[in-house]
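What follows is the content of start.cif, which has mmCIF, C-alpha atoms:
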```cif
data_upload
#
loop_
_atom_site.label_atom_id
_atom_site.label_comp_id
_atom_site.auth_asym_id
_atom_site.auth_seq_id
_atom_site.Cartn_x
_atom_site.Cartn_y
_atom_site.Cartn_z
CA MET H 1 4.39 69.75 1.46
CA THR H 2 7.28 67.49 2.42
CA ASN H 3 8.47 67.64 6.02
CA TYR H 4 11.75 69.51 6.31
CA THR H 5 14.09 68.88 9.25
CA LYS H 6 17.24 70.97 9.45
CA LEU H 7 19.92 68.35 9.92
CA PRO H 8 23.58 69.45 10.03
CA ALA H 9 25.53 69.73 6.77
CA VAL H 10 29.07 70.62 5.75
CA LEU H 11 30.62 72.52 2.84
CA LEU H 12 34.32 71.82 2.24
CA LEU H 13 36.34 73.80 -0.30
CA GLU H 14 39.36 72.49 -2.18
CA ASP H 15 41.69 74.79 -0.21
CA GLY H 16 40.54 73.22 3.06
CA THR H 17 38.08 75.93 4.12
CA VAL H 18 35.04 74.54 5.95
CA TYR H 19 31.55 76.02 6.34
CA HIS H 20 28.92 74.44 8.57
CA GLY H 21 25.21 74.78 7.89
CA LYS H 22 21.92 72.91 7.66
CA ALA H 23 20.79 70.23 5.22
CA ALA H 24 18.41 71.25 2.45
CA GLY H 25 17.04 69.38 -0.53
CA LYS H 26 18.08 65.74 -0.72
CA ILE H 27 20.12 64.22 2.10
CA GLY H 28 23.38 63.15 0.47
CA THR H 29 26.76 64.23 -0.89
CA THR H 30 27.61 66.18 -4.03
CA THR H 31 30.69 67.69 -5.65
CA GLY H 32 31.53 70.27 -8.31
CA GLU H 33 33.23 73.56 -9.02
CA ILE H 34 31.91 76.23 -6.66
CA CYS H 35 30.79 79.55 -8.14
CA PHE H 36 28.40 82.34 -7.20
CA ASN H 37 25.53 84.14 -8.94
CA THR H 38 24.61 87.71 -7.98
CA GLY H 39 21.05 87.65 -9.35
CA MET H 40 18.28 88.91 -7.09
CA THR H 41 15.67 86.72 -8.77
CA GLY H 42 15.32 83.92 -11.31
CA TYR H 43 16.73 81.11 -9.19
CA GLN H 44 14.75 78.47 -11.07
CA GLU H 45 16.11 79.60 -14.44
CA VAL H 46 19.62 79.52 -12.98
CA PHE H 47 19.22 76.02 -11.54
CA THR H 48 18.03 74.62 -14.90
CA ASP H 49 20.57 76.41 -17.12
CA PRO H 50 22.71 73.63 -18.71
CA SER H 51 25.75 75.92 -18.60
CA TYR H 52 25.88 75.30 -14.83
CA PHE H 53 26.27 71.53 -15.23
CA GLY H 54 29.03 70.29 -12.92
CA GLN H 55 28.94 73.34 -10.65
CA ILE H 56 27.88 74.02 -7.07
CA MET H 57 25.98 77.29 -7.01
CA VAL H 58 26.24 79.90 -4.26
CA THR H 59 23.40 82.43 -4.36
CA THR H 60 24.29 85.88 -3.05
CA ASN H 61 20.61 86.81 -2.62
CA ALA H 62 19.66 86.02 0.97
CA HIS H 63 16.35 84.28 0.21
CA ILE H 64 15.98 81.32 -2.15
CA GLY H 65 12.66 79.55 -2.67
CA ASN H 66 10.48 82.41 -1.43
CA TYR H 67 8.31 82.45 -4.57
CA GLY H 68 8.24 78.70 -5.06
CA VAL H 69 8.66 76.73 -8.28
CA ASN H 70 6.68 76.92 -11.52
CA GLU H 71 7.15 74.21 -14.15
CA ASP H 72 6.83 76.82 -16.94
CA GLU H 73 9.95 78.67 -15.80
CA VAL H 74 12.68 76.18 -16.60
CA GLU H 75 15.48 76.49 -19.15
CA SER H 76 15.91 72.72 -19.62
CA GLY H 77 14.32 69.41 -18.65
CA ASP H 78 15.76 69.24 -15.13
CA ILE H 79 18.02 70.92 -12.59
CA LYS H 80 21.57 71.15 -13.94
CA ILE H 81 23.54 72.48 -10.96
CA SER H 82 25.38 69.87 -8.87
CA GLY H 83 24.36 71.46 -5.59
CA LEU H 84 23.28 74.67 -3.88
CA VAL H 85 24.70 76.83 -1.11
CA CYS H 86 22.45 79.56 0.29
CA LYS H 87 21.66 81.63 3.36
CA ASN H 88 17.90 81.07 3.68
CA PHE H 89 16.27 78.06 2.02
CA ASN H 90 12.62 79.09 2.15
CA ILE H 91 10.14 76.24 2.19
CA ASN H 92 7.04 78.42 2.43
CA TYR H 93 6.35 80.43 -0.71
CA SER H 94 4.09 83.36 -1.48
CA ARG H 95 3.19 83.02 -5.18
CA LYS H 96 -0.19 81.47 -5.96
CA MET H 97 0.84 80.30 -9.44
CA SER H 98 3.70 78.19 -8.08
CA ASP H 99 3.39 74.41 -8.32
CA LYS H 100 5.54 73.34 -5.37
CA SER H 101 8.12 74.35 -2.79
CA ILE H 102 11.83 74.43 -3.50
CA GLN H 103 12.31 71.60 -0.99
CA ASP H 104 9.93 69.33 -2.88
CA TYR H 105 11.59 70.38 -6.14
CA PHE H 106 15.09 69.53 -4.93
CA GLN H 107 14.03 66.22 -3.44
CA GLU H 108 12.30 65.18 -6.66
CA GLU H 109 15.41 66.12 -8.67
CA ASN H 110 17.84 64.54 -6.15
CA ILE H 111 19.74 67.79 -5.55
CA VAL H 112 21.80 68.23 -2.37
CA ALA H 113 21.93 71.68 -0.79
CA ILE H 114 23.21 73.41 2.32
CA SER H 115 21.57 76.45 3.93
CA ASP H 116 22.27 78.71 6.91
CA VAL H 117 25.74 79.44 5.52
CA ASP H 118 27.41 82.84 5.81
CA THR H 119 27.31 83.37 2.05
CA ARG H 120 28.80 86.87 2.32
CA SER H 121 31.93 85.39 3.85
CA LEU H 122 31.94 82.51 1.34
CA VAL H 123 31.60 84.75 -1.71
CA ARG H 124 34.36 87.06 -0.47
CA HIS H 125 36.57 83.99 -0.05
CA ILE H 126 35.87 82.75 -3.59
CA ARG H 127 36.44 86.23 -5.01
CA ASP H 128 39.86 86.35 -3.34
CA LYS H 129 40.94 82.74 -3.98
CA GLY H 130 39.22 82.05 -7.30
CA ALA H 131 37.03 79.22 -8.53
CA MET H 132 37.77 75.82 -7.00
CA ASN H 133 36.16 72.45 -6.42
CA ALA H 134 33.98 71.81 -3.39
CA ILE H 135 31.88 69.14 -1.70
CA ILE H 136 28.57 69.40 0.18
CA SER H 137 27.40 66.62 2.47
CA SER H 138 24.52 66.11 4.84
CA GLU H 139 25.36 62.43 5.37
CA ILE H 140 29.14 62.59 5.93
CA LEU H 141 30.33 65.11 8.51
CA ASP H 142 33.88 63.83 8.91
CA ILE H 143 36.17 66.40 7.25
CA ASP H 144 38.99 63.95 6.51
CA GLU H 145 36.63 61.60 4.70
CA LEU H 146 35.22 64.52 2.69
CA LYS H 147 38.74 65.62 1.75
CA GLN H 148 39.43 62.16 0.34
CA LYS H 149 36.28 62.29 -1.81
CA LEU H 150 36.98 65.84 -2.96
CA ALA H 151 40.50 64.90 -4.09
CA ASP H 152 38.96 62.67 -6.80
CA VAL H 153 36.93 65.47 -8.42
CA PRO H 154 38.43 66.61 -11.78
CA SER H 155 39.17 70.27 -12.49
CA MET H 156 36.79 72.15 -14.79
CA ASP H 157 39.87 73.20 -16.76
CA GLY H 158 40.08 70.74 -19.66
CA LEU H 159 36.69 69.14 -18.96
CA GLU H 160 34.28 68.39 -21.83
CA LEU H 161 30.69 68.43 -20.55
CA SER H 162 28.43 69.59 -23.38
CA SER H 163 27.89 66.13 -24.83
CA GLN H 164 26.44 65.11 -21.46
CA VAL H 165 23.70 67.78 -21.46
CA SER H 166 22.98 67.91 -25.19
CA THR H 167 19.88 66.34 -26.72
CA LYS H 168 20.37 62.70 -27.71
CA GLU H 169 18.16 62.98 -30.79
CA PRO H 170 17.35 65.93 -33.09
CA TYR H 171 14.09 67.76 -32.45
CA PHE H 172 12.19 70.71 -33.87
CA TYR H 173 11.10 73.95 -32.22
CA GLY H 174 8.68 76.52 -33.58
CA ASN H 175 6.43 76.80 -36.63
CA GLU H 176 7.40 74.55 -39.53
CA ASN H 177 5.92 77.10 -41.92
CA ALA H 178 8.10 79.93 -40.60
CA ALA H 179 9.91 82.23 -43.01
CA HIS H 180 13.36 80.92 -42.03
CA LYS H 181 14.91 77.81 -40.60
CA ILE H 182 18.12 77.39 -38.62
CA ALA H 183 20.22 74.51 -37.38
CA VAL H 184 20.97 74.71 -33.65
CA LEU H 185 24.05 72.90 -32.40
CA ASP H 186 22.90 71.98 -28.91
CA LEU H 187 25.78 72.24 -26.46
CA GLY H 188 23.35 72.99 -23.61
CA VAL H 189 20.86 75.34 -25.22
CA LYS H 190 18.40 77.27 -23.05
CA LYS H 191 14.70 77.12 -23.92
CA ASN H 192 14.34 80.88 -23.98
CA ILE H 193 16.87 81.13 -26.80
CA LEU H 194 14.65 78.87 -28.89
CA ARG H 195 11.61 80.95 -27.93
CA ASN H 196 13.36 84.09 -29.17
CA PHE H 197 13.94 82.49 -32.55
CA ASP H 198 10.33 81.30 -32.71
CA HIS H 199 9.12 84.84 -31.97
CA ARG H 200 11.07 86.03 -35.02
CA ASP H 201 9.44 83.57 -37.43
CA VAL H 202 12.37 81.16 -37.34
CA TYR H 203 11.94 77.38 -37.28
CA ALA H 204 14.74 75.52 -35.49
CA LYS H 205 16.04 72.00 -35.76
CA VAL H 206 18.10 71.22 -32.68
CA PHE H 207 20.96 68.77 -33.21
CA PRO H 208 23.08 66.77 -30.72
CA ALA H 209 26.43 68.31 -29.79
CA LYS H 210 28.59 66.00 -31.91
CA THR H 211 26.53 66.29 -35.11
CA SER H 212 28.73 67.08 -38.12
CA PHE H 213 28.24 70.10 -40.35
CA GLU H 214 27.54 67.76 -43.27
CA GLU H 215 24.69 66.09 -41.37
CA MET H 216 23.10 69.41 -40.39
CA GLU H 217 23.52 70.76 -43.91
CA LYS H 218 21.28 67.96 -45.27
CA TRP H 219 18.34 69.85 -43.73
CA ALA H 220 19.36 72.91 -45.81
CA PRO H 221 19.11 75.48 -42.99
CA ASP H 222 19.32 79.20 -43.70
CA GLY H 223 21.78 79.72 -40.84
CA TYR H 224 23.52 78.10 -37.89
CA PHE H 225 23.29 78.81 -34.19
CA ILE H 226 26.01 77.59 -31.78
CA SER H 227 24.56 77.42 -28.28
CA ASN H 228 25.67 78.04 -24.74
CA GLY H 229 26.81 75.12 -22.60
CA PRO H 230 29.13 73.89 -19.84
CA GLY H 231 32.79 72.95 -19.73
CA ASP H 232 36.05 73.99 -21.36
CA PRO H 233 35.76 75.02 -25.05
CA SER H 234 39.35 73.97 -25.74
CA ALA H 235 38.33 70.39 -24.90
CA MET H 236 35.74 70.34 -27.71
CA PRO H 237 37.62 69.73 -31.01
CA TYR H 238 34.47 68.22 -32.53
CA ALA H 239 32.53 71.49 -32.12
CA ILE H 240 35.46 73.66 -33.21
CA GLU H 241 35.68 71.64 -36.43
CA THR H 242 31.95 72.08 -37.04
CA VAL H 243 32.19 75.85 -36.62
CA LYS H 244 35.15 75.96 -39.01
CA LYS H 245 33.11 74.16 -41.67
CA VAL H 246 30.14 76.52 -41.22
CA LEU H 247 32.52 79.43 -41.80
CA GLU H 248 34.12 77.77 -44.83
CA ALA H 249 30.66 77.28 -46.34
CA ASP H 250 30.02 81.01 -45.76
CA LYS H 251 26.77 80.40 -43.86
CA PRO H 252 25.24 82.94 -41.43
CA LEU H 253 26.34 82.01 -37.91
CA PHE H 254 25.42 83.26 -34.43
CA GLY H 255 26.98 82.05 -31.18
CA ILE H 256 26.11 82.70 -27.55
CA CYS H 257 28.39 82.08 -24.54
CA LEU H 258 30.14 78.76 -25.26
CA GLY H 259 29.24 79.35 -28.91
CA HIS H 260 31.17 82.63 -28.69
CA GLN H 261 34.24 80.86 -27.33
CA LEU H 262 34.05 78.19 -30.05
CA LEU H 263 33.83 80.83 -32.79
CA ALA H 264 37.01 82.33 -31.36
CA GLN H 265 38.73 78.92 -31.22
CA ALA H 266 37.72 78.22 -34.82
CA ASN H 267 39.60 81.37 -35.84
CA GLY H 268 42.80 80.57 -33.98
CA ILE H 269 41.96 82.58 -30.85
CA ARG H 270 42.65 80.92 -27.54
CA THR H 271 40.26 80.71 -24.61
CA LYS H 272 41.21 80.77 -20.93
CA LYS H 273 39.75 79.80 -17.58
CA MET H 274 38.75 82.93 -15.69
CA PHE H 275 39.67 83.54 -12.07
CA ASN H 276 36.01 83.76 -11.06
CA GLY H 277 33.92 84.10 -14.18
CA HIS H 278 30.85 86.28 -14.68
CA ARG H 279 27.51 85.15 -13.28
CA GLY H 280 24.64 87.54 -12.68
CA LEU H 281 22.00 89.80 -14.23
CA ASN H 282 23.58 93.24 -14.23
CA HIS H 283 26.90 93.16 -16.10
CA PRO H 284 27.50 96.33 -18.16
CA VAL H 285 28.65 95.67 -21.73
CA LYS H 286 29.50 98.26 -24.38
CA ASN H 287 28.76 97.67 -28.05
CA ILE H 288 31.76 99.53 -29.45
CA ILE H 289 30.40 99.39 -33.01
CA ILE H 290 27.38 101.59 -32.23
CA ASP H 291 28.73 103.14 -28.99
CA HIS H 292 25.87 101.77 -26.89
CA CYS H 293 25.79 100.25 -23.40
CA GLU H 294 23.73 97.18 -22.48
CA VAL H 295 22.92 95.71 -19.07
CA THR H 296 23.38 91.98 -19.56
CA SER H 297 22.79 88.56 -18.03
CA GLN H 298 25.93 86.42 -17.87
CA ASN H 299 27.07 82.94 -16.93
CA HIS H 300 30.53 81.80 -17.93
CA GLY H 301 33.76 80.63 -16.36
CA PHE H 302 35.87 80.76 -19.54
CA GLY H 303 36.65 83.70 -21.80
CA VAL H 304 38.52 84.54 -24.99
CA VAL H 305 42.09 85.88 -24.95
CA ALA H 306 41.97 89.58 -25.87
CA GLU H 307 45.58 89.70 -27.05
CA ASP H 308 44.87 87.04 -29.68
CA ILE H 309 41.94 89.00 -31.11
CA GLU H 310 43.93 92.22 -31.22
CA LYS H 311 46.54 90.42 -33.35
CA SER H 312 44.00 88.60 -35.50
CA GLU H 313 43.38 89.51 -39.13
CA LYS H 314 40.20 87.41 -39.20
CA VAL H 315 38.23 88.62 -36.19
CA GLU H 316 37.36 91.97 -34.64
CA ILE H 317 35.95 92.96 -31.25
CA THR H 318 32.35 94.21 -31.11
CA HIS H 319 31.58 94.24 -27.37
CA VAL H 320 33.60 94.75 -24.19
CA ASN H 321 32.76 94.33 -20.50
CA LEU H 322 32.84 97.69 -18.72
CA ASN H 323 33.77 96.09 -15.38
CA ASP H 324 36.98 94.33 -16.43
CA ASN H 325 37.41 95.06 -20.18
CA SER H 326 37.06 91.37 -21.06
CA ILE H 327 35.83 90.52 -24.56
CA GLU H 328 32.05 90.17 -24.78
CA GLY H 329 31.49 90.03 -28.54
CA ILE H 330 33.29 89.38 -31.81
CA ARG H 331 32.54 89.16 -35.51
CA VAL H 332 34.41 87.50 -38.36
CA LYS H 333 35.60 89.90 -41.04
CA GLY H 334 34.04 89.27 -44.44
CA LYS H 335 31.56 86.75 -42.99
CA LYS H 336 28.05 86.92 -41.60
CA ALA H 337 29.29 85.34 -38.39
CA PHE H 338 29.22 86.90 -34.93
CA SER H 339 28.92 85.96 -31.28
CA VAL H 340 28.50 87.34 -27.78
CA GLN H 341 29.70 86.07 -24.43
CA TYR H 342 26.55 87.10 -22.57
CA HIS H 343 22.90 85.98 -22.83
CA PRO H 344 20.68 88.24 -25.00
CA GLU H 345 17.64 86.05 -24.37
CA SER H 346 17.92 87.53 -20.86
CA SER H 347 15.30 85.79 -18.83
CA PRO H 348 15.43 86.93 -16.12
CA GLY H 349 17.11 90.29 -16.69
CA PRO H 350 16.71 93.29 -19.01
CA HIS H 351 15.94 93.01 -22.72
CA ASP H 352 18.70 95.38 -23.84
CA SER H 353 20.38 92.79 -26.07
CA ARG H 354 17.46 91.19 -27.91
CA TYR H 355 18.49 93.11 -31.05
CA LEU H 356 21.15 90.44 -31.62
CA PHE H 357 18.48 87.94 -32.63
CA ASP H 358 17.15 90.49 -35.12
CA GLN H 359 20.67 91.01 -36.44
CA PHE H 360 21.02 87.28 -37.08
CA VAL H 361 17.67 87.19 -38.91
CA ASP H 362 18.82 90.16 -41.02
CA TYR H 363 21.95 88.22 -41.95
CA ILE H 364 19.80 85.29 -43.05
CA GLU H 365 17.44 87.45 -45.09
CA ASN H 366 20.31 89.21 -46.84
CA LYS H 367 22.69 86.31 -47.31
#
```
Mind converting the file's structure to structure tokens?
Amino acid sequence: MTNYTKLPAVLLLEDGTVYHGKAAGKIGTTTGEICFNTGMTGYQEVFTDPSYFGQIMVTTNAHIGNYGVNEDEVESGDIKISGLVCKNFNINYSRKMSDKSIQDYFQEENIVAISDVDTRSLVRHIRDKGAMNAIISSEILDIDELKQKLADVPSMDGLELSSQVSTKEPYFYGNENAAHKIAVLDLGVKKNILRNFDHRDVYAKVFPAKTSFEEMEKWAPDGYFISNGPGDPSAMPYAIETVKKVLEADKPLFGICLGHQLLAQANGIRTKKMFNGHRGLNHPVKNIIIDHCEVTSQNHGFGVVAEDIEKSEKVEITHVNLNDNSIEGIRVKGKKAFSVQYHPESSPGPHDSRYLFDQFVDYIENK
């Protein structure tokens, strides 16, 4: 196990707030939009979720790293968060099946972190002031110098990031002799989403973010999946155009998270940057079609504008968030096209929403 010396580190927020702590992970400097996740477990899945690309993660759970790292529990090829802020960065771990410590993991992946921070105070501050950019450094402790570096960091509002995390070349996932095949537009897809399709006898071909509908259609898929991913959906005209063409061709379509926002955009419904976003494993969502409540896993900083949907003749609401009444699901009238803002693959988290994958398969079988 790598030696771990707790050197001083600094967290500076865009509004000038400063938190002092101890260095963890790689010694260095990192920037991004700061946000917090309320999950009690699943830190490795969170770190590797491509939707977090460009963000500094604050974990509200007091202990991070206590069960180590297992290479089988990743959602993508590497860590996607820009940096980590936590209370206790635990080097020693208790799980025998783990491959390494979180310190070794972060050093190998070149991820800067800060521990020994009063995360309760920090999260309350972010909740009150909203999402903002931040900088972590364990090599620069001068606040004025950090302020200069932070001033150069672009806002997440208007930022296109999916093309940076998407696959560079198409690839296949699942059994080539499966009953159905789908085209996946990879905007930052999580591995467990692909596993859920494979478990339902669906063979997937995963395409780079900027692949055209015409190119995907050459494979003659039975349906289209628009994945989760990072960044501002309004800054992705290429993906909006692809979704429009899928709808025009009257193909079955399912979108998750960013895919949900793009389905809205393709139907003339605006998206907006949320004050804080939703990130955690226990968000209550009501399916208003069947009058059923689900406990959901969520990770998003943008949402769809409810007023636009209420005025729309094309789209109707299917799911709402019971905490703040934000829109969590929509479907297109007269089409086999639907989406949800949350993550039904839910790993970690409950399995309340897995029926959505079955619904998509039903659409394909009855197209």
The PyMOL selection byres ((chain H and resi 265-281) around 8) - which residues does that actually catch in the file I just gave you? List them as a ChimeraX atom specification. /H:35-39,126-127,130-131,157,232-234,240-241,243-244,261-264,282-283,295-305,308-309,312,314-315,348-350
Counting all atoms listed in the file, the residue of H:Ala209, H:Ala113, H:Ile102, H:Ile27 that sits nearest Leu11 (chain H):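 Among the listed residues, the smallest separation from Leu11 (chain H) belongs to H:Ala113.
Here CA of Ser162 (chain H) is placed at a distance of 26.7 Å from CA of Glu307 (chain H).
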Determine, counting all atoms listed in the file, which protein, DNA and RNA residues have an atom within 12 Å of an atom of Lys218 (chain H); residues of the same chain fewer than 4 positions away are not included. Present the result as a PyMOL selection string. chain H and resi 182-183+205+211-214+222
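Distance-wise, CA of Asp99 (chain H) and CA of Met57 (chain H) end up 22.8 Å apart.
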